[in-house]
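For reference, final-v7.cif is printed below; it contains mmCIF, C-alpha atoms and all ligand atoms.
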data_target
#
loop_
_atom_site.label_atom_id
_atom_site.label_comp_id
_atom_site.auth_asym_id
_atom_site.auth_seq_id
_atom_site.Cartn_x
_atom_site.Cartn_y
_atom_site.Cartn_z
CA MET A 10 0.00 0.00 0.00
CA ASN A 11 1.35 3.45 -0.76
CA ASN A 12 0.72 5.35 2.45
CA ARG A 13 -1.76 7.88 1.10
CA ILE A 14 -4.51 5.80 -0.43
CA VAL A 15 -5.99 2.32 0.05
CA ASN A 16 -6.32 0.30 -3.18
CA VAL A 17 -9.55 -1.64 -2.82
CA GLY A 18 -10.76 -4.72 -4.68
CA VAL A 19 -14.53 -5.19 -4.74
CA VAL A 20 -15.88 -8.76 -4.91
CA GLY A 21 -19.42 -8.71 -6.33
CA THR A 22 -20.86 -5.82 -8.35
CA GLY A 23 -24.60 -6.26 -7.73
CA MET A 24 -26.76 -3.69 -5.96
CA ILE A 25 -24.67 -3.32 -2.81
CA GLY A 26 -21.27 -3.93 -4.49
CA SER A 27 -21.86 -1.20 -7.06
CA LEU A 28 -23.13 1.17 -4.34
CA HIS A 29 -19.95 0.60 -2.31
CA ALA A 30 -17.72 0.89 -5.40
CA GLY A 31 -19.33 4.23 -6.32
CA ILE A 32 -18.91 5.64 -2.80
CA LEU A 33 -15.31 4.41 -2.56
CA SER A 34 -14.43 6.00 -5.91
CA ARG A 35 -16.22 9.30 -5.49
CA GLN A 36 -16.73 10.01 -1.79
CA THR A 37 -13.97 8.29 0.17
CA ASP A 38 -10.80 10.40 0.25
CA GLY A 39 -8.52 7.64 1.50
CA ALA A 40 -9.51 4.91 -0.97
CA ARG A 41 -9.90 4.03 -4.62
CA VAL A 42 -11.22 0.96 -6.43
CA VAL A 43 -8.50 -0.75 -8.46
CA ALA A 44 -10.18 -4.11 -9.11
CA VAL A 45 -13.67 -5.55 -9.34
CA MET A 46 -14.82 -9.17 -9.58
CA ASP A 47 -18.09 -10.60 -10.86
CA ILE A 48 -19.09 -13.66 -12.84
CA ASP A 49 -21.35 -11.32 -14.81
CA GLY A 50 -18.79 -9.65 -17.10
CA ASP A 51 -21.12 -6.88 -18.30
CA ARG A 52 -21.99 -5.82 -14.78
CA ALA A 53 -18.33 -5.88 -13.74
CA ALA A 54 -17.36 -3.84 -16.84
CA ALA A 55 -19.97 -1.17 -16.09
CA VAL A 56 -18.79 -0.80 -12.47
CA ALA A 57 -15.10 -0.91 -13.50
CA ALA A 58 -15.71 1.92 -15.96
CA GLU A 59 -17.51 3.98 -13.30
CA CYS A 60 -14.50 3.52 -11.04
CA GLY A 61 -12.19 5.02 -13.65
CA GLY A 62 -10.98 1.82 -15.26
CA ALA A 63 -10.54 -0.75 -12.47
CA ARG A 64 -9.16 -4.17 -13.46
CA MET A 65 -11.75 -6.92 -13.91
CA PHE A 66 -11.66 -10.42 -12.47
CA THR A 67 -14.01 -13.38 -12.71
CA ASP A 68 -12.40 -15.23 -9.79
CA ALA A 69 -12.62 -13.88 -6.22
CA GLU A 70 -9.38 -15.52 -4.99
CA ALA A 71 -7.42 -14.06 -7.90
CA LEU A 72 -8.63 -10.56 -6.97
CA ILE A 73 -7.95 -11.12 -3.27
CA ASN A 74 -4.39 -12.25 -3.98
CA ALA A 75 -3.62 -9.58 -6.59
CA ALA A 76 -0.49 -7.66 -5.57
CA ASP A 77 -2.02 -4.23 -6.20
CA VAL A 78 -5.08 -4.91 -3.99
CA ASP A 79 -4.46 -3.66 -0.42
CA ALA A 80 -7.91 -4.35 1.03
CA VAL A 81 -11.04 -6.18 -0.06
CA LEU A 82 -14.73 -5.39 0.06
CA ILE A 83 -16.92 -8.52 -0.14
CA ALA A 84 -20.35 -7.87 -1.62
CA SER A 85 -21.02 -11.16 -3.39
CA PRO A 86 -24.17 -13.21 -2.66
CA ASP A 87 -24.40 -14.23 1.02
CA ALA A 88 -23.38 -17.86 0.43
CA PHE A 89 -19.91 -16.78 -0.78
CA HIS A 90 -19.03 -14.42 2.09
CA ALA A 91 -17.32 -16.85 4.47
CA GLU A 92 -14.96 -18.40 1.88
CA ALA A 93 -13.97 -14.97 0.57
CA ALA A 94 -13.36 -13.67 4.12
CA LEU A 95 -11.20 -16.73 4.86
CA ALA A 96 -9.17 -16.08 1.68
CA CYS A 97 -8.63 -12.45 2.77
CA ILE A 98 -7.43 -13.55 6.21
CA ALA A 99 -5.10 -16.11 4.60
CA ALA A 100 -3.69 -13.33 2.39
CA GLY A 101 -3.32 -11.03 5.45
CA LYS A 102 -5.59 -8.41 3.82
CA PRO A 103 -8.10 -6.19 5.65
CA VAL A 104 -11.64 -6.95 4.59
CA LEU A 105 -15.01 -5.25 4.85
CA CYS A 106 -17.39 -8.18 4.55
CA GLU A 107 -21.03 -7.42 3.87
CA LYS A 108 -23.49 -8.98 6.29
CA PRO A 109 -24.06 -11.82 6.95
CA MET A 110 -20.42 -12.81 7.52
CA ALA A 111 -21.46 -16.40 6.70
CA THR A 112 -24.78 -18.15 6.34
CA THR A 113 -24.30 -20.59 9.24
CA ARG A 114 -22.90 -20.35 12.77
CA ALA A 115 -20.37 -23.10 11.91
CA ASP A 116 -18.95 -21.14 8.96
CA ALA A 117 -18.91 -17.92 10.98
CA GLU A 118 -16.89 -19.77 13.62
CA ARG A 119 -14.35 -20.77 10.95
CA VAL A 120 -13.84 -17.09 10.09
CA LEU A 121 -13.60 -16.16 13.78
CA GLN A 122 -11.01 -18.91 14.43
CA ALA A 123 -8.98 -17.95 11.33
CA GLU A 124 -8.81 -14.33 12.45
CA MET A 125 -7.79 -15.38 15.95
CA ALA A 126 -5.06 -17.59 14.47
CA ALA A 127 -3.87 -14.57 12.43
CA GLY A 128 -3.56 -12.78 15.78
CA ARG A 129 -5.06 -9.44 14.69
CA ARG A 130 -8.34 -7.99 13.56
CA LEU A 131 -8.63 -7.92 9.78
CA VAL A 132 -12.39 -8.28 9.42
CA GLN A 133 -15.06 -5.59 9.64
CA VAL A 134 -18.66 -6.72 9.07
CA GLY A 135 -21.05 -4.45 7.13
CA PHE A 136 -23.52 -3.71 9.92
CA MET A 137 -23.85 -0.14 8.65
CA ARG A 138 -26.53 0.94 11.15
CA GLU A 139 -23.63 1.52 13.57
CA TYR A 140 -22.71 4.45 11.31
CA ASP A 141 -26.23 5.85 10.98
CA ARG A 142 -26.70 9.25 12.66
CA ALA A 143 -30.04 8.33 14.26
CA HIS A 144 -28.64 5.11 15.75
CA ARG A 145 -25.44 6.81 16.95
CA ASP A 146 -27.37 9.63 18.61
CA LEU A 147 -29.64 7.17 20.37
CA LEU A 148 -26.69 5.12 21.60
CA GLU A 149 -25.01 8.25 22.93
CA LEU A 150 -28.20 9.18 24.78
CA LEU A 151 -28.46 5.71 26.34
CA GLN A 152 -24.81 5.77 27.36
CA SER A 153 -25.30 9.19 29.00
CA GLY A 154 -27.68 7.45 31.44
CA ALA A 155 -30.63 9.64 30.37
CA ILE A 156 -33.18 6.82 30.65
CA GLY A 157 -31.39 4.61 33.19
CA GLY A 158 -30.73 0.93 32.58
CA ALA A 159 -32.35 -0.53 29.45
CA LEU A 160 -35.27 -2.87 30.13
CA ARG A 161 -36.69 -3.41 26.67
CA PHE A 162 -35.54 -3.21 23.02
CA ARG A 163 -37.94 -2.83 20.13
CA GLY A 164 -36.61 -3.04 16.57
CA ILE A 165 -38.84 -2.40 13.57
CA HIS A 166 -37.61 -3.24 10.06
CA MET A 167 -40.07 -2.74 7.21
CA ASN A 168 -39.03 -3.68 3.68
CA PRO A 169 -40.85 -2.98 0.44
CA ARG A 170 -42.08 -6.08 -1.39
CA ARG A 171 -39.12 -8.31 -2.25
CA ALA A 172 -38.58 -9.42 -5.85
CA SER A 173 -38.97 -13.10 -5.00
CA GLN A 174 -40.61 -15.00 -2.18
CA THR A 175 -38.46 -15.07 0.98
CA SER A 176 -38.29 -18.02 3.36
CA ILE A 177 -38.17 -17.40 7.11
CA ASP A 178 -34.57 -18.72 7.04
CA THR A 179 -33.49 -16.15 4.42
CA ALA A 180 -35.45 -13.37 6.12
CA VAL A 181 -33.48 -14.03 9.32
CA VAL A 182 -30.01 -14.56 7.82
CA ASN A 183 -30.13 -11.85 5.14
CA SER A 184 -32.30 -9.15 6.65
CA LEU A 185 -33.37 -9.53 10.29
CA ILE A 186 -29.69 -10.12 11.10
CA HIS A 187 -29.36 -6.30 11.07
CA ASP A 188 -31.89 -6.10 13.91
CA ILE A 189 -30.10 -8.86 15.80
CA HIS A 190 -26.90 -6.82 15.62
CA SER A 191 -28.71 -3.55 16.47
CA ALA A 192 -30.21 -5.16 19.55
CA ARG A 193 -26.79 -6.36 20.72
CA PHE A 194 -24.93 -3.11 20.15
CA MET A 195 -27.67 -0.81 21.42
CA MET A 196 -28.36 -2.86 24.56
CA GLY A 197 -24.68 -3.63 25.22
CA ALA A 198 -25.76 -7.20 26.02
CA GLU A 199 -25.91 -10.59 24.33
CA ILE A 200 -29.15 -12.24 23.25
CA ALA A 201 -29.60 -15.40 25.34
CA ASP A 202 -32.80 -16.89 23.89
CA VAL A 203 -35.31 -16.24 21.12
CA PHE A 204 -38.84 -17.18 20.11
CA THR A 205 -39.84 -16.75 16.44
CA ARG A 206 -43.41 -16.29 15.21
CA TRP A 207 -44.25 -15.33 11.63
CA VAL A 208 -46.93 -14.98 8.97
CA PRO A 209 -46.23 -16.77 5.65
CA SER A 210 -46.44 -14.73 2.43
CA ASP A 211 -47.88 -17.78 0.67
CA PRO A 212 -50.47 -19.66 2.74
CA GLY A 213 -49.56 -22.83 0.80
CA ASN A 214 -45.90 -22.58 1.83
CA ARG A 215 -45.58 -22.47 5.60
CA ARG A 216 -41.90 -21.43 5.56
CA SER A 217 -42.43 -18.43 3.28
CA ALA A 218 -42.29 -15.19 5.26
CA ARG A 219 -44.16 -11.93 5.05
CA TYR A 220 -44.09 -10.70 8.63
CA ALA A 221 -42.08 -11.95 11.59
CA ILE A 222 -41.72 -11.10 15.25
CA VAL A 223 -38.85 -12.53 17.27
CA HIS A 224 -39.07 -12.22 21.05
CA VAL A 225 -35.63 -12.05 22.65
CA SER A 226 -34.18 -12.15 26.16
CA PHE A 227 -30.79 -10.59 26.88
CA ASP A 228 -28.16 -11.86 29.30
CA SER A 229 -28.61 -8.53 31.15
CA GLY A 230 -32.17 -9.56 32.09
CA ALA A 231 -33.76 -7.16 29.56
CA ILE A 232 -36.28 -8.34 26.96
CA GLY A 233 -37.15 -7.25 23.43
CA THR A 234 -38.86 -7.79 20.11
CA LEU A 235 -37.50 -7.68 16.57
CA GLU A 236 -40.29 -6.97 14.08
CA TRP A 237 -39.67 -7.58 10.39
CA SER A 238 -41.74 -7.19 7.26
CA GLY A 239 -40.89 -8.44 3.77
CA ASP A 240 -43.74 -6.44 2.23
CA SER A 241 -44.67 -3.32 4.18
CA GLY A 242 -46.97 -2.10 1.44
CA TYR A 243 -45.61 1.45 1.82
CA GLY A 244 -41.80 1.64 1.60
CA TYR A 245 -38.75 1.11 3.79
CA GLU A 246 -38.46 2.00 7.44
CA VAL A 247 -36.17 1.10 10.33
CA GLU A 248 -36.81 2.21 13.89
CA VAL A 249 -35.46 1.39 17.32
CA GLU A 250 -37.16 2.17 20.62
CA ILE A 251 -35.68 1.46 24.02
CA THR A 252 -37.53 1.55 27.32
CA GLY A 253 -35.32 2.32 30.29
CA GLU A 254 -35.76 2.51 34.04
CA SER A 255 -36.59 6.22 33.94
CA GLY A 256 -37.85 6.94 30.42
CA SER A 257 -37.84 5.73 26.88
CA ALA A 258 -35.98 6.85 23.76
CA GLY A 259 -36.08 5.97 20.09
CA THR A 260 -34.95 6.82 16.60
CA THR A 261 -37.38 8.06 14.00
CA GLY A 262 -37.37 6.03 10.82
CA VAL A 263 -38.44 8.96 8.67
CA HIS A 264 -36.25 12.03 8.22
CA SER A 265 -38.07 13.93 5.49
CA PRO A 266 -39.84 17.27 6.14
CA VAL A 267 -43.40 17.30 7.41
CA LEU A 268 -45.68 18.58 4.66
CA ARG A 269 -49.07 20.09 5.47
CA GLN A 270 -51.11 20.47 2.32
CA ALA A 271 -54.62 20.01 0.96
CA GLY A 272 -56.08 19.07 4.32
CA ALA A 273 -53.37 16.52 5.10
CA ARG A 274 -50.10 16.27 7.06
CA SER A 275 -47.54 13.95 5.46
CA GLN A 276 -43.92 12.85 5.39
CA ALA A 277 -42.27 11.02 2.49
CA ILE A 278 -40.86 7.58 3.31
CA THR A 279 -37.70 6.26 1.61
CA PRO A 280 -38.50 3.57 -0.97
CA ASN A 281 -35.69 1.21 0.07
CA TRP A 282 -32.50 0.76 2.09
CA PRO A 283 -29.97 2.34 -0.33
CA ASP A 284 -31.76 5.69 0.16
CA ARG A 285 -32.40 5.35 3.91
CA PHE A 286 -28.83 4.30 4.75
CA TYR A 287 -26.79 6.04 2.03
CA ASP A 288 -25.09 8.42 4.48
CA ALA A 289 -24.35 5.53 6.82
CA TYR A 290 -22.59 3.68 3.99
CA VAL A 291 -20.48 6.78 3.25
CA GLU A 292 -19.49 7.00 6.94
CA GLU A 293 -18.83 3.27 7.15
CA LEU A 294 -16.52 3.27 4.13
CA SER A 295 -14.54 6.28 5.18
CA ALA A 296 -14.07 4.84 8.69
CA TRP A 297 -12.99 1.54 7.10
CA ALA A 298 -10.45 3.25 4.79
CA ASP A 299 -9.04 5.13 7.82
CA SER A 300 -8.77 1.90 9.81
CA VAL A 301 -6.99 0.11 6.95
CA MET A 302 -4.56 3.01 6.73
CA ALA A 303 -4.03 2.85 10.50
CA GLY A 304 -3.41 -0.92 10.28
CA GLU A 305 -6.13 -2.02 12.76
CA ALA A 306 -9.72 -2.99 11.97
CA THR A 307 -12.44 -1.14 13.86
CA GLY A 308 -16.27 -1.25 13.74
CA PRO A 309 -18.41 -4.39 13.83
CA SER A 310 -16.03 -7.33 14.26
CA ALA A 311 -15.82 -11.00 13.34
CA TRP A 312 -17.19 -11.61 16.86
CA ASP A 313 -20.27 -9.54 15.96
CA GLY A 314 -20.51 -11.46 12.68
CA TYR A 315 -20.32 -14.75 14.59
CA MET A 316 -22.75 -13.82 17.39
CA SER A 317 -25.34 -12.49 14.94
CA LEU A 318 -25.27 -15.88 13.19
CA ALA A 319 -25.47 -17.76 16.48
CA VAL A 320 -28.67 -15.79 17.26
CA ALA A 321 -29.94 -16.24 13.68
CA GLU A 322 -29.47 -19.99 13.99
CA ALA A 323 -31.51 -20.03 17.22
CA CYS A 324 -34.26 -17.95 15.50
CA ILE A 325 -34.45 -20.51 12.68
CA LYS A 326 -34.46 -23.42 15.12
CA SER A 327 -37.31 -21.76 17.03
CA SER A 328 -39.25 -21.39 13.75
CA GLU A 329 -38.88 -25.16 13.30
CA THR A 330 -39.64 -26.30 16.83
CA GLY A 331 -42.30 -23.68 17.61
CA GLN A 332 -40.58 -23.23 21.00
CA PRO A 333 -38.24 -20.62 22.51
CA GLU A 334 -34.62 -21.62 21.84
CA GLN A 335 -31.34 -20.86 23.60
CA VAL A 336 -28.55 -19.19 21.64
CA ILE A 337 -25.60 -21.59 21.42
CA ALA A 338 -22.23 -19.84 21.14
CA VAL A 339 -18.58 -20.11 22.13
CA ALA A 340 -17.37 -17.81 24.93
CA ARG A 341 -16.25 -14.37 23.79
CA PRO A 342 -12.51 -14.61 23.00
CA ALA A 343 -10.22 -12.15 24.78
CA MET A 344 -9.21 -10.62 21.41
CA TYR A 345 -12.69 -9.09 21.09
C1 LIG B 401 -30.41 -5.93 2.48
O1 LIG B 401 -29.47 -6.87 2.10
C2 LIG B 401 -29.86 -5.03 3.51
O2 LIG B 401 -28.78 -5.19 3.99
C3 LIG B 401 -30.81 -4.02 4.01
O3 LIG B 401 -30.24 -3.19 4.96
C4 LIG B 401 -31.99 -4.73 4.62
O4 LIG B 401 -32.92 -3.80 5.09
C5 LIG B 401 -32.64 -5.62 3.56
O5 LIG B 401 -33.74 -6.27 4.13
C6 LIG B 401 -31.62 -6.63 3.07
O6 LIG B 401 -32.18 -7.48 2.11
#
Mind turning this structure into structure tokens?
Amino acid sequence: MNNRIVNVGVVGTGMIGSLHAGILSRQTDGARVVAVMDIDGDRAAAVAAECGGARMFTDAEALINAADVDAVLIASPDAFHAEAALACIAAGKPVLCEKPMATTRADAERVLQAEMAAGRRLVQVGFMREYDRAHRDLLELLQSGAIGGALRFRGIHMNPRRASQTSIDTAVVNSLIHDIHSARFMMGAEIADVFTRWVPSDPGNRRSARYAIVHVSFDSGAIGTLEWSGDSGYGYEVEVEITGESGSAGTTGVHSPVLRQAGARSQAITPNWPDRFYDAYVEELSAWADSVMAGEATGPSAWDGYMSLAVAEACIKSSETGQPEQVIAVARPAMY
């Protein structure tokens, strides 16, 4: 790495990969995109051109091991995240791995163990809500003691209708995993057990998911709910509300101006997550570039990636057994 700018390789140039590549090229002072990988050559070529002529690869390992790539951003489909993260650790390269870090607890544990064997943090997981102004302000308020100890977490995560039917397993691992992480970082506690209830989107397919509520208990004694919709019918919204011993505090999901007109009071709602969290992605990427430059990963860690999958696995088990389920996880290693 020359010591002024981080040369990034982007694995996966779909919706989130191209969003990251655009922000890294245009809005992140300390980074530039020098390589992109996708099995879809046209998509890779379009993103490479937008990044000012990045090199194109069709093989993730080749990009990860390329000598001119200092750090890697993994934005391929979820099932490929763990192997790519392991290849980055083996190459000793810092990596921002989109969530989920893996699709199973066992694979997440492989990434965790590999990073521990490397002896230093290389992995940051893309839980971008940690960089969202509304979430940061709320966390600061909680930490100031303004509402006393937290008793209850409520997460609300409304998605517009998804392109294809989502199973409860995918809803948890791909989407509700954000709320699992939010609950952990906002409450400063681990989730100990979960109970999943949901409404199928297709009455003929019990495991399809339209709306889910997961009840959680924390190891601090607090309780909570994670509410998720795969078809809100109105747009995209994420909110957090925390009840404390002496008050309650929450984010507002909607930031647009209040419009009073023609006998109505209204506020526009963002259509989907790239609009709602754009600023958070910009913050996340610039913090990541700074951390790569400083030589030490910061932000959501491989431990967060692992724990979120341990909770996700318990949520899926609960959906199968119809009972509350304990979260099974290794003890938190000293490195985290
Ligand atoms: C997507 O992958 C994201 O990460 C979004 O933040 C989330 O809201 C959406 O449900 C996911 O599919």
Who sits within 12 Å of A:His224, all atoms listed in the file, same chain under 2 positions skipped, as a PyMOL selection string: chain A and resi 161-164+188-189+192+200-207+221-222+226-227+231-237+320+323-324+327-328+332-335
Considering only C-alpha atoms and all ligand atoms, tabulate each residue of chain A that lies at most 6 Å from ligand LIG 401 (chain B) along with its nearest interatomic pair and the corresponding distance in Å to one decimal; arrange the rows by chain and ascending residue number and present them as a Markdown table.
| residue | atom | partner | partner_atom | distance |
| --- | --- | --- | --- | --- |
| A:Asn168 | CA | B:LIG401 | O5 | 5.9 |
| A:Asn183 | CA | B:LIG401 | O6 | 5.7 |
| A:Ser184 | CA | B:LIG401 | O5 | 4.1 |
| A:Trp282 | CA | B:LIG401 | O3 | 5.4 |
Among listed residues A:Val263, A:Val81, A:Glu70, A:Asp178, nearest A:Glu329 (using only C-alpha atoms): A:Asp178
Need to verify the contact set: A:Ala306, 10 Å, all atoms listed in the file, exclusion of same-chain residues closer than 5 positions in sequence. Can you return it as a ChimeraX atom specification? /A:103-105,129-133,296-301
Residues as selected, C-alpha atoms, written as a compact mmCIF listing (two decimals), in the frame of the given file, can you do that?
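For reference, again_3.txt as written:
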# COMPACT_ATOMS: atom_id res chain seq x y z
CA PRO A 103 -8.10 -6.19 5.65
CA VAL A 104 -11.64 -6.95 4.59
CA LEU A 105 -15.01 -5.25 4.85
CA ARG A 129 -5.06 -9.44 14.69
CA ARG A 130 -8.34 -7.99 13.56
CA LEU A 131 -8.63 -7.92 9.78
CA VAL A 132 -12.39 -8.28 9.42
CA GLN A 133 -15.06 -5.59 9.64
CA ALA A 296 -14.07 4.84 8.69
CA TRP A 297 -12.99 1.54 7.10
CA ALA A 298 -10.45 3.25 4.79
CA ASP A 299 -9.04 5.13 7.82
CA SER A 300 -8.77 1.90 9.81
CA VAL A 301 -6.99 0.11 6.95
From A:Pro342, A:Val267, A:Gly62, A:Ala71, residue lying nearest A:Ala126 [all atoms listed in the file]: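 Result for the nearest residue to A:Ala126: A:Pro342.
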Could you give me, as JSON, numbers by chain, the residues within 8 Å of A:Val78, counting only C-alpha atoms and dropping anything in the same chain fewer than 5 positions from it? {"A": [16, 17, 18, 43, 44, 72, 73]}
A:Ala343: which residues within 12 Å, counting all atoms listed in the file, same-chain residues fewer than 3 positions away excluded, as a PyMOL selection string? chain A and resi 125+128-129+312+339-340
Can you pull out every residue within 8 Å of A:Asp141, counting all atoms listed in the file, but drop anything in the same chain fewer than 5 positions away, and send it as a ChimeraX atom specification? /A:286,288-289,292
Step by step: start from the point (-10.4, -19.6, 6.3) in the file's coordinates, keep every protein, DNA or RNA residue that has an atom no farther than 6 Å from it, count all atoms listed in the file, and write the set as a list in words.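 Checking each residue against the 6 Å limit leaves Leu95, Ala96, Val120 and Ala123 of chain A.
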Smallest atom-to-atom distance to A:Thr22: which of A:Ser295, A:Ser85, A:Ser255, A:Ser210, using only C-alpha atoms? A:Ser85
Please, what distance in Å, to one decimal, runs between atom CA of A:Met316 and atom CA of A:His190?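 Interatomic distance here is 8.3 Å.
The space between atom CA of A:Ala159 and atom CA of A:Val336 spans 20.6 Å.
The smallest atom-to-atom distance between A:Thr279 and any of A:Met167, A:Val182, A:Ala198, A:Val223, using all atoms listed in the file, is found for A:Met167.
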